[in-house]
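Reviewing the structure listed below.
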Amino acid sequence: MGGDTHATPAPVLCTPYPVLSTPVPDFMLKRHLPNLDVPHVQLGEYPTPVEHLPALGDVWLKREDLSSPLYGGNKIRTLETLFADALARGFKRVWTLGAYGSNQAVACILHARRVGLQPGAVLFPQRATPTAAENLRVMVTACDEVVALRSLLTFPWHWLKLKRSREIYLVPPGGAVPLGALGHVGAALELAEQINAGAMPAPRHIVLAIGSTCTTAGLLVGLPLARQLGLWPGELPLVHAVRVTPWPVTARFQVLRLARATARYLAQVGGPVVKLQPERLVLNTRHFGWGYARITQGGLAAAKHFAELMAPPLDTTYAAKSGAALLEMLDTGDSPLRGQSPVLYWCTKSSAPLPPVDEAKLATAPGYIRRWLKRADKL
Ligand SMILES: Cc1ncc(COP(=O)(O)O)c(C=O)c1O
C-alpha cells in the first residue's frame, strides 16, 4: 500500500469524456426529423464518444473507430441505411466492391450476417501493405463468397454484372450514394448534440480522410442541417478532407455532387431543404503521396505519434494520411488553422480487434493471393 501512495500517476495523454448517459435508441436523423421515410437498421453503438487529446493542444477526437466492437470505423453508419434498404426490398444477399484491403468490404462482410444478409465481395488488387493484408486475410477466411480478382482489368465487368443482378443487393465502392451518406448526416447531428451537452466545444475545423467521398459529403449536409435545426452553436467548421484516393474520385466537384444529391434525397424523403455551404470544404491533397494505399513517411510518423499518445490506431491507407495532415496543420507557421481551435479529428479506422484468421482455409486461397500476402508481410 505504502508503495502505491508514492507512485507517480501515469500522464494523461488522451482524456476520455463521459459518453452521453442515454444511448441513442434509433437512427439519429429520425430523432430530429421524425417524419423522415428512410430505411435503417442499427449496426453500431452510438453516440461514438468525443475525447480531448490534450497532448496536441485544443484537439479533439470523434471516435468513429469505436462505432462497433465487432468492427467499427466510419463505414458502419453507411451500411445501416444500405442494409436496411436491401432488407426492405427483399434481398437476401448483399455484395460490395473494393480493393483487397477495403475496410468497407470488411465491415460489410462482418456485419451483414447480423441482419440476416449473406455477404460477398469482389476485390481488385492494390498495393501490398500490412494494413491491406490483414483485411484480406479476414475477408477470404470469414466469407466464402469473396472474389479476389487477379487483375483490375476485369473489375468493371464484375461491377456491371453485380449491378444487373436481381438477387444481389450491391453496395457500391465506399457506399458513396445519397442513402449511404445519410448515416454521416446523422453523425453531424450526433456531434451537435454532444456539443450541446457540453462534451466538447464547437470545433472550428474538422479533419478526416476522404476516399469515396461518402463520409465528407454526409458531413457537408449534416452540419448545415444541424444549424438549421438550431442544434449547432455559431459558425460552422471548415471540413478538411484529406485525399487518399486519386482525382477524379475525390475531385471537389465529386464531393459536392454527392453532397447536393444527398441534400436532394433528404428533401425527397421528408426532410427539410438544406442549404449547403460548399466554401466550408477544404480539399487537402498534400498527403496523398504516390497513390492509393501507398505508404507515406508523414503517415508513418503520424501513426507512430498517435500510438505514443495512446490515441486511436491509424491505418497507412486512410487514417494515417489524415493524421499526417492534422499534425502538419498544427505545426506549420502558415497553418490553415491560423490559430483557430478547437480542431476535431474524425477517427475513421476501426479500432476493434479483427476476428482470428482461419490459416487452414487461407492455405487453400489461389497462389496469386498467397504471393500478394507474402509481399505485404515483407514490408
Ligand atoms: C479508415 C477509413 N477512413 C476514411 C475512409 C474514407 O471515407 P469515405 O470513403 O466515406 O470518403 C475510409 C473508406 O473506406 C476508410 O476505410
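As shown in the C-alpha cells, the chain order sets the letters A, B, ...; within each chain, residues go from 1, and ligands are also counted from 1 in the order they appear.
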Could you please extract the residues within 8 Å of ligand 1, counting only C-alpha atoms and all ligand atoms, and hand them back as a PyMOL selection string? chain A and resi 73-75+102-104+173-176+181+208-217+244+314-315+317-319+347-350
Mind checking DSSP for region 176-299 of chain A and telling me the alpha helix (DSSP H) residues as a VMD selection string? chain A and resid 178 to 196 214 to 228 252 to 268 297 to 299
Given the choices A:Leu362, A:Thr78, A:Leu56, A:Ser151, which gets closest to Glu308 (chain A) if the distance is worked out from only C-alpha atoms?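 That would be A:Leu56, the residue with the smallest distance to Glu308 (chain A).
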Nearest to Tyr169 (chain A), chosen from A:Gly101, A:Gly90, A:Pro156, A:Pro203, with only C-alpha atoms counted in the distances: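 Smallest distance to Tyr169 (chain A) is found for A:Gly90.
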Residues within 12 Å of Gly291 (chain A), please, as a PyMOL selection string. Count only C-alpha atoms; anything in the same chain fewer than 5 positions from it doesn't count. chain A and resi 126-127+211+243-247+285-286+296+316-318+321
Selection from above, N, CA, C and O atoms, as an mmCIF file, in the first residue's frame, can you write it?
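Wrote it out as out20.cif, contents follow:
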```
data_model
loop_
_atom_site.group_PDB
_atom_site.id
_atom_site.type_symbol
_atom_site.label_atom_id
_atom_site.label_comp_id
_atom_site.auth_asym_id
_atom_site.auth_seq_id
_atom_site.Cartn_x
_atom_site.Cartn_y
_atom_site.Cartn_z
ATOM 1 N N GLN A 126 -4.431 -4.253 -55.192
ATOM 2 C CA GLN A 126 -3.910 -2.928 -54.839
ATOM 3 C C GLN A 126 -2.481 -3.115 -54.357
ATOM 4 O O GLN A 126 -1.984 -4.231 -54.281
ATOM 5 N N ARG A 127 -1.837 -2.029 -54.003
ATOM 6 C CA ARG A 127 -0.508 -2.074 -53.406
ATOM 7 C C ARG A 127 -0.518 -3.016 -52.190
ATOM 8 O O ARG A 127 -1.427 -2.927 -51.348
ATOM 9 N N GLY A 211 -12.088 9.120 -49.156
ATOM 10 C CA GLY A 211 -11.770 8.060 -50.116
ATOM 11 C C GLY A 211 -12.811 7.975 -51.209
ATOM 12 O O GLY A 211 -12.553 8.247 -52.380
ATOM 13 N N ARG A 243 -7.198 13.874 -49.052
ATOM 14 C CA ARG A 243 -7.315 12.930 -50.168
ATOM 15 C C ARG A 243 -6.481 11.666 -49.958
ATOM 16 O O ARG A 243 -5.279 11.753 -49.679
ATOM 17 N N VAL A 244 -7.125 10.497 -50.102
ATOM 18 C CA VAL A 244 -6.385 9.231 -50.071
ATOM 19 C C VAL A 244 -6.649 8.403 -51.328
ATOM 20 O O VAL A 244 -6.011 7.381 -51.542
ATOM 21 N N THR A 245 -7.620 8.819 -52.133
ATOM 22 C CA THR A 245 -7.842 8.172 -53.436
ATOM 23 C C THR A 245 -7.656 9.249 -54.513
ATOM 24 O O THR A 245 -7.829 10.441 -54.240
ATOM 25 N N PRO A 246 -7.324 8.833 -55.740
ATOM 26 C CA PRO A 246 -6.902 9.822 -56.737
ATOM 27 C C PRO A 246 -8.035 10.669 -57.305
ATOM 28 O O PRO A 246 -9.215 10.327 -57.184
ATOM 29 N N TRP A 247 -7.643 11.746 -57.923
ATOM 30 C CA TRP A 247 -8.545 12.512 -58.776
ATOM 31 C C TRP A 247 -8.920 11.598 -59.953
ATOM 32 O O TRP A 247 -8.056 10.869 -60.409
ATOM 33 N N THR A 285 -4.810 17.921 -50.514
ATOM 34 C CA THR A 285 -4.238 16.896 -51.405
ATOM 35 C C THR A 285 -2.760 16.645 -51.097
ATOM 36 O O THR A 285 -2.084 15.936 -51.827
ATOM 37 N N ARG A 286 -2.272 17.212 -50.009
ATOM 38 C CA ARG A 286 -0.829 17.210 -49.750
ATOM 39 C C ARG A 286 -0.299 15.874 -49.227
ATOM 40 O O ARG A 286 0.902 15.650 -49.203
ATOM 41 N N THR A 296 3.133 6.640 -46.856
ATOM 42 C CA THR A 296 3.916 7.886 -46.869
ATOM 43 C C THR A 296 4.697 7.991 -45.553
ATOM 44 O O THR A 296 4.262 7.470 -44.523
ATOM 45 N N THR A 316 -2.341 2.838 -42.600
ATOM 46 C CA THR A 316 -1.496 3.586 -43.550
ATOM 47 C C THR A 316 -2.257 4.021 -44.804
ATOM 48 O O THR A 316 -1.829 4.952 -45.485
ATOM 49 N N THR A 317 -3.377 3.354 -45.117
ATOM 50 C CA THR A 317 -4.106 3.714 -46.349
ATOM 51 C C THR A 317 -4.920 4.996 -46.168
ATOM 52 O O THR A 317 -4.963 5.837 -47.068
ATOM 53 N N TYR A 318 -5.587 5.126 -45.041
ATOM 54 C CA TYR A 318 -6.536 6.234 -44.849
ATOM 55 C C TYR A 318 -6.143 7.153 -43.689
ATOM 56 O O TYR A 318 -5.722 8.289 -43.890
ATOM 57 N N LYS A 321 -2.906 9.165 -43.236
ATOM 58 C CA LYS A 321 -2.730 10.337 -44.107
ATOM 59 C C LYS A 321 -3.497 11.540 -43.546
ATOM 60 O O LYS A 321 -3.004 12.666 -43.569
#
```
Test item: residues at most 7 Å from Leu225 (chain A), only C-alpha atoms, excluding those fewer than 4 positions along its chain, as an mmCIF file with all heavy atoms, in the first residue's frame:
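out_30.cif, written as the output of this step:
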```
data_model
loop_
_atom_site.group_PDB
_atom_site.id
_atom_site.type_symbol
_atom_site.label_atom_id
_atom_site.label_comp_id
_atom_site.auth_asym_id
_atom_site.auth_seq_id
_atom_site.Cartn_x
_atom_site.Cartn_y
_atom_site.Cartn_z
ATOM 1 N N VAL A 221 -23.647 17.932 -45.518
ATOM 2 C CA VAL A 221 -25.103 18.130 -45.435
ATOM 3 C C VAL A 221 -25.514 18.237 -43.958
ATOM 4 O O VAL A 221 -26.333 19.078 -43.577
ATOM 5 C CB VAL A 221 -25.865 16.972 -46.123
ATOM 6 C CG1 VAL A 221 -27.371 17.152 -46.000
ATOM 7 C CG2 VAL A 221 -25.466 16.882 -47.595
ATOM 8 N N LEU A 229 -31.510 23.295 -37.726
ATOM 9 C CA LEU A 229 -32.379 22.754 -36.668
ATOM 10 C C LEU A 229 -32.126 23.427 -35.319
ATOM 11 O O LEU A 229 -32.707 23.046 -34.302
ATOM 12 C CB LEU A 229 -32.156 21.235 -36.525
ATOM 13 C CG LEU A 229 -32.577 20.368 -37.715
ATOM 14 C CD1 LEU A 229 -32.161 18.907 -37.511
ATOM 15 C CD2 LEU A 229 -34.088 20.440 -37.933
ATOM 16 N N VAL A 274 -31.905 21.541 -47.241
ATOM 17 C CA VAL A 274 -30.692 22.009 -46.556
ATOM 18 C C VAL A 274 -29.910 22.910 -47.497
ATOM 19 O O VAL A 274 -29.672 22.561 -48.657
ATOM 20 C CB VAL A 274 -29.801 20.814 -46.118
ATOM 21 C CG1 VAL A 274 -28.524 21.307 -45.453
ATOM 22 C CG2 VAL A 274 -30.572 19.895 -45.190
#
```
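Look at region 70-72 of chain A: the protein and nucleic acid residues within 7 Å of it, using only C-alpha atoms and passing over chain neighbours fewer than 5 places away, are A:Glu64, A:Asp65, A:Ala107, A:Ser350, A:Ser351, A:Ala352.
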Running DSSP on the backbone, which parts of region 85-316 of chain A land in strand (DSSP E or B), as a ChimeraX atom specification? /A:93-99,118-124,146-148,168-171,205-210,238-243,281-284
Keeping N, CA, C and O atoms, export the residues of the selection given above as a compact mmCIF listing (two decimals), in the first residue's frame.
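The resulting file, result32.txt, is reproduced below:
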```
# COMPACT_ATOMS: atom_id res chain seq x y z
N ARG A 93 -29.11 -11.37 -50.26
CA ARG A 93 -27.64 -11.32 -50.42
C ARG A 93 -27.20 -9.88 -50.64
O ARG A 93 -27.86 -9.13 -51.36
N VAL A 94 -26.08 -9.53 -50.03
CA VAL A 94 -25.52 -8.20 -50.22
C VAL A 94 -24.04 -8.33 -50.54
O VAL A 94 -23.30 -9.03 -49.86
N TRP A 95 -23.64 -7.70 -51.64
CA TRP A 95 -22.23 -7.75 -52.06
C TRP A 95 -21.69 -6.34 -52.14
O TRP A 95 -22.43 -5.38 -52.34
N THR A 96 -20.39 -6.26 -52.01
CA THR A 96 -19.76 -4.97 -52.19
C THR A 96 -18.52 -5.10 -53.06
O THR A 96 -18.10 -6.21 -53.40
N LEU A 97 -17.95 -3.95 -53.39
CA LEU A 97 -16.79 -3.89 -54.28
C LEU A 97 -15.73 -3.04 -53.62
O LEU A 97 -16.05 -2.07 -52.93
N GLY A 98 -14.49 -3.39 -53.84
CA GLY A 98 -13.43 -2.56 -53.27
C GLY A 98 -12.07 -3.17 -53.55
O GLY A 98 -11.95 -4.18 -54.26
N ALA A 99 -11.05 -2.55 -52.96
CA ALA A 99 -9.68 -3.05 -53.11
C ALA A 99 -9.46 -4.22 -52.15
O ALA A 99 -10.27 -4.45 -51.26
N GLN A 118 -26.67 -12.46 -46.61
CA GLN A 118 -25.50 -13.25 -46.97
C GLN A 118 -24.50 -12.34 -47.67
O GLN A 118 -24.81 -11.82 -48.73
N PRO A 119 -23.31 -12.14 -47.13
CA PRO A 119 -22.39 -11.18 -47.76
C PRO A 119 -21.50 -11.80 -48.84
O PRO A 119 -21.29 -13.01 -48.88
N GLY A 120 -20.98 -10.93 -49.68
CA GLY A 120 -19.98 -11.31 -50.68
C GLY A 120 -19.25 -10.06 -51.13
O GLY A 120 -19.69 -8.94 -50.83
N ALA A 121 -18.13 -10.24 -51.82
CA ALA A 121 -17.37 -9.06 -52.27
C ALA A 121 -16.54 -9.40 -53.49
O ALA A 121 -16.05 -10.53 -53.63
N VAL A 122 -16.41 -8.42 -54.38
CA VAL A 122 -15.45 -8.52 -55.48
C VAL A 122 -14.35 -7.52 -55.16
O VAL A 122 -14.61 -6.33 -54.98
N LEU A 123 -13.12 -8.04 -55.06
CA LEU A 123 -11.99 -7.19 -54.65
C LEU A 123 -10.96 -7.12 -55.76
O LEU A 123 -10.65 -8.13 -56.40
N PHE A 124 -10.43 -5.92 -55.98
CA PHE A 124 -9.38 -5.78 -57.01
C PHE A 124 -8.01 -5.57 -56.36
O PHE A 124 -7.93 -5.07 -55.24
N VAL A 146 -16.00 -14.42 -51.56
CA VAL A 146 -15.11 -13.30 -51.85
C VAL A 146 -14.37 -13.64 -53.14
O VAL A 146 -13.71 -14.67 -53.23
N VAL A 147 -14.55 -12.77 -54.13
CA VAL A 147 -13.86 -12.96 -55.40
C VAL A 147 -12.71 -11.96 -55.43
O VAL A 147 -12.92 -10.77 -55.63
N ALA A 148 -11.51 -12.45 -55.16
CA ALA A 148 -10.34 -11.56 -55.19
C ALA A 148 -9.74 -11.66 -56.59
O ALA A 148 -9.15 -12.68 -56.95
N ILE A 168 -28.81 -9.97 -56.01
CA ILE A 168 -27.78 -9.42 -55.11
C ILE A 168 -27.96 -7.91 -54.99
O ILE A 168 -28.06 -7.20 -55.99
N TYR A 169 -28.01 -7.45 -53.74
CA TYR A 169 -28.06 -6.00 -53.49
C TYR A 169 -26.61 -5.52 -53.50
O TYR A 169 -25.75 -6.05 -52.79
N LEU A 170 -26.32 -4.54 -54.31
CA LEU A 170 -24.93 -4.08 -54.46
C LEU A 170 -24.67 -2.81 -53.65
O LEU A 170 -25.33 -1.79 -53.84
N VAL A 171 -23.72 -2.91 -52.74
CA VAL A 171 -23.21 -1.72 -52.03
C VAL A 171 -22.05 -1.20 -52.87
O VAL A 171 -21.04 -1.89 -53.00
N HIS A 205 -12.61 23.47 -36.91
CA HIS A 205 -12.09 22.67 -38.03
C HIS A 205 -12.37 21.20 -37.76
O HIS A 205 -12.25 20.75 -36.63
N ILE A 206 -12.72 20.49 -38.83
CA ILE A 206 -12.84 19.02 -38.76
C ILE A 206 -11.86 18.46 -39.79
O ILE A 206 -11.80 18.95 -40.93
N VAL A 207 -11.09 17.46 -39.40
CA VAL A 207 -10.11 16.85 -40.32
C VAL A 207 -10.45 15.37 -40.47
O VAL A 207 -10.62 14.67 -39.46
N LEU A 208 -10.57 14.91 -41.73
CA LEU A 208 -10.86 13.49 -41.95
C LEU A 208 -10.31 13.04 -43.30
O LEU A 208 -10.05 13.88 -44.18
N ALA A 209 -10.15 11.71 -43.43
CA ALA A 209 -9.69 11.15 -44.71
C ALA A 209 -10.88 11.07 -45.66
O ALA A 209 -12.00 10.76 -45.25
N ILE A 210 -10.61 11.33 -46.95
CA ILE A 210 -11.67 11.19 -47.95
C ILE A 210 -11.24 10.17 -49.00
O ILE A 210 -10.18 10.31 -49.61
N LEU A 238 -14.78 24.46 -40.75
CA LEU A 238 -14.25 24.06 -42.06
C LEU A 238 -14.04 22.56 -42.02
O LEU A 238 -13.58 22.02 -41.00
N VAL A 239 -14.37 21.89 -43.11
CA VAL A 239 -14.17 20.44 -43.18
C VAL A 239 -12.95 20.18 -44.08
O VAL A 239 -13.00 20.42 -45.28
N HIS A 240 -11.85 19.73 -43.46
CA HIS A 240 -10.62 19.47 -44.22
C HIS A 240 -10.63 18.00 -44.62
O HIS A 240 -10.41 17.12 -43.78
N ALA A 241 -10.92 17.75 -45.89
CA ALA A 241 -10.98 16.37 -46.38
C ALA A 241 -9.62 16.03 -47.00
O ALA A 241 -9.19 16.68 -47.95
N VAL A 242 -8.98 15.02 -46.43
CA VAL A 242 -7.60 14.69 -46.83
C VAL A 242 -7.64 13.56 -47.85
O VAL A 242 -8.05 12.43 -47.52
N ARG A 243 -7.20 13.87 -49.05
CA ARG A 243 -7.31 12.93 -50.17
C ARG A 243 -6.48 11.67 -49.96
O ARG A 243 -5.28 11.75 -49.68
N LEU A 281 -15.81 23.42 -47.40
CA LEU A 281 -15.00 22.24 -47.75
C LEU A 281 -13.60 22.67 -48.18
O LEU A 281 -13.44 23.49 -49.08
N VAL A 282 -12.60 22.12 -47.50
CA VAL A 282 -11.20 22.35 -47.89
C VAL A 282 -10.63 21.00 -48.29
O VAL A 282 -10.57 20.09 -47.46
N LEU A 283 -10.27 20.86 -49.57
CA LEU A 283 -9.73 19.58 -50.02
C LEU A 283 -8.21 19.62 -49.84
O LEU A 283 -7.53 20.44 -50.46
N ASN A 284 -7.70 18.75 -49.01
CA ASN A 284 -6.25 18.72 -48.72
C ASN A 284 -5.64 17.57 -49.52
O ASN A 284 -5.91 16.40 -49.25
```
What's the 12 Å shell around Ala365 (chain A), counting only C-alpha atoms, without same-chain residues fewer than 2 positions away, as an mmCIF file with N, CA and C atoms, in the first residue's frame?
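See result24.cif below for the written result:
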```cif
data_model
loop_
_atom_site.group_PDB
_atom_site.id
_atom_site.type_symbol
_atom_site.label_atom_id
_atom_site.label_comp_id
_atom_site.auth_asym_id
_atom_site.auth_seq_id
_atom_site.Cartn_x
_atom_site.Cartn_y
_atom_site.Cartn_z
ATOM 1 N N LEU A 136 -7.554 -8.456 -45.974
ATOM 2 C CA LEU A 136 -7.804 -9.504 -46.976
ATOM 3 C C LEU A 136 -7.844 -10.883 -46.324
ATOM 4 N N ARG A 137 -6.927 -11.111 -45.383
ATOM 5 C CA ARG A 137 -6.906 -12.407 -44.660
ATOM 6 C C ARG A 137 -8.258 -12.674 -44.006
ATOM 7 N N MET A 139 -11.169 -11.339 -44.756
ATOM 8 C CA MET A 139 -12.270 -11.485 -45.715
ATOM 9 C C MET A 139 -12.278 -12.853 -46.376
ATOM 10 N N VAL A 140 -11.098 -13.314 -46.837
ATOM 11 C CA VAL A 140 -11.121 -14.592 -47.566
ATOM 12 C C VAL A 140 -11.395 -15.758 -46.630
ATOM 13 N N THR A 141 -11.139 -15.584 -45.346
ATOM 14 C CA THR A 141 -11.423 -16.713 -44.453
ATOM 15 C C THR A 141 -12.794 -16.594 -43.779
ATOM 16 N N ASP A 144 -17.236 -17.079 -47.709
ATOM 17 C CA ASP A 144 -16.991 -17.982 -48.840
ATOM 18 C C ASP A 144 -17.168 -17.286 -50.176
ATOM 19 N N VAL A 146 -16.004 -14.418 -51.561
ATOM 20 C CA VAL A 146 -15.108 -13.304 -51.853
ATOM 21 C C VAL A 146 -14.375 -13.636 -53.142
ATOM 22 N N VAL A 147 -14.547 -12.765 -54.134
ATOM 23 C CA VAL A 147 -13.860 -12.958 -55.396
ATOM 24 C C VAL A 147 -12.706 -11.955 -55.430
ATOM 25 N N ALA A 148 -11.507 -12.450 -55.164
ATOM 26 C CA ALA A 148 -10.340 -11.561 -55.190
ATOM 27 C C ALA A 148 -9.739 -11.656 -56.592
ATOM 28 N N LEU A 149 -9.925 -10.610 -57.376
ATOM 29 C CA LEU A 149 -9.517 -10.658 -58.779
ATOM 30 C C LEU A 149 -8.001 -10.646 -58.907
ATOM 31 N N ASP A 358 -8.543 -18.012 -40.222
ATOM 32 C CA ASP A 358 -8.501 -19.471 -40.371
ATOM 33 C C ASP A 358 -7.339 -19.804 -41.333
ATOM 34 N N GLU A 359 -6.197 -20.161 -40.739
ATOM 35 C CA GLU A 359 -4.988 -20.373 -41.553
ATOM 36 C C GLU A 359 -5.164 -21.531 -42.537
ATOM 37 N N ALA A 360 -5.902 -22.560 -42.105
ATOM 38 C CA ALA A 360 -6.095 -23.729 -42.978
ATOM 39 C C ALA A 360 -6.868 -23.309 -44.229
ATOM 40 N N LYS A 361 -7.869 -22.457 -44.029
ATOM 41 C CA LYS A 361 -8.660 -22.008 -45.179
ATOM 42 C C LYS A 361 -7.826 -21.083 -46.073
ATOM 43 N N LEU A 362 -7.016 -20.254 -45.419
ATOM 44 C CA LEU A 362 -6.171 -19.320 -46.173
ATOM 45 C C LEU A 362 -5.202 -20.085 -47.092
ATOM 46 N N ALA A 363 -4.750 -21.234 -46.596
ATOM 47 C CA ALA A 363 -3.793 -22.045 -47.372
ATOM 48 C C ALA A 363 -4.422 -22.548 -48.670
ATOM 49 N N GLY A 367 -2.898 -19.153 -55.549
ATOM 50 C CA GLY A 367 -1.479 -18.837 -55.382
ATOM 51 C C GLY A 367 -1.188 -17.348 -55.450
ATOM 52 N N TYR A 368 -1.843 -16.626 -56.376
ATOM 53 C CA TYR A 368 -1.518 -15.200 -56.518
ATOM 54 C C TYR A 368 -1.932 -14.410 -55.281
ATOM 55 N N ILE A 369 -2.954 -14.893 -54.553
ATOM 56 C CA ILE A 369 -3.362 -14.221 -53.302
ATOM 57 C C ILE A 369 -2.307 -14.478 -52.231
ATOM 58 N N ARG A 370 -1.863 -15.726 -52.151
ATOM 59 C CA ARG A 370 -0.873 -16.048 -51.111
ATOM 60 C C ARG A 370 0.440 -15.315 -51.384
ATOM 61 N N ARG A 371 0.789 -15.187 -52.674
ATOM 62 C CA ARG A 371 2.027 -14.454 -53.007
ATOM 63 C C ARG A 371 1.872 -12.973 -52.659
ATOM 64 N N TRP A 372 0.692 -12.416 -52.923
ATOM 65 C CA TRP A 372 0.430 -10.992 -52.605
ATOM 66 C C TRP A 372 0.544 -10.781 -51.092
ATOM 67 N N LEU A 373 -0.015 -11.710 -50.337
ATOM 68 C CA LEU A 373 0.035 -11.582 -48.869
ATOM 69 C C LEU A 373 1.487 -11.658 -48.382
#
```
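When only C-alpha atoms are used to measure the gap to Pro272 (chain A), the shortest distance among A:Leu220, A:Leu29, A:Val41, A:Leu110 belongs to A:Leu29.
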Find the residues around Gly299 (chain A) up to 8 Å (only C-alpha atoms counted), leave out those fewer than 5 positions away in its own chain, and share them as a list in words. His287, Thr316, Ala320, Lys321, Ser322, Gly323 and Ala324 of chain A
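Nearest to Val115 (chain A) of all the residues A:Ala301, A:Leu43, A:Ala293, A:Ala128 is A:Leu43, counting only C-alpha atoms.
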Which of these residues is nearest to Gly230 (chain A), using only C-alpha atoms: A:Lys163, A:His32, A:Tyr292, A:Ala84? A:His32
Please compute the CA of Ala202 (chain A)-CA of Val59 (chain A) distance, one decimal, in Å.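 Those two atoms sit 11.4 Å apart.
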Nearest-residue call for Val38 (chain A), choices A:Ala88, A:Ala311, A:Met329, A:Leu236, using only C-alpha atoms: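 So, comparing all the options, the nearest one is A:Ala88.
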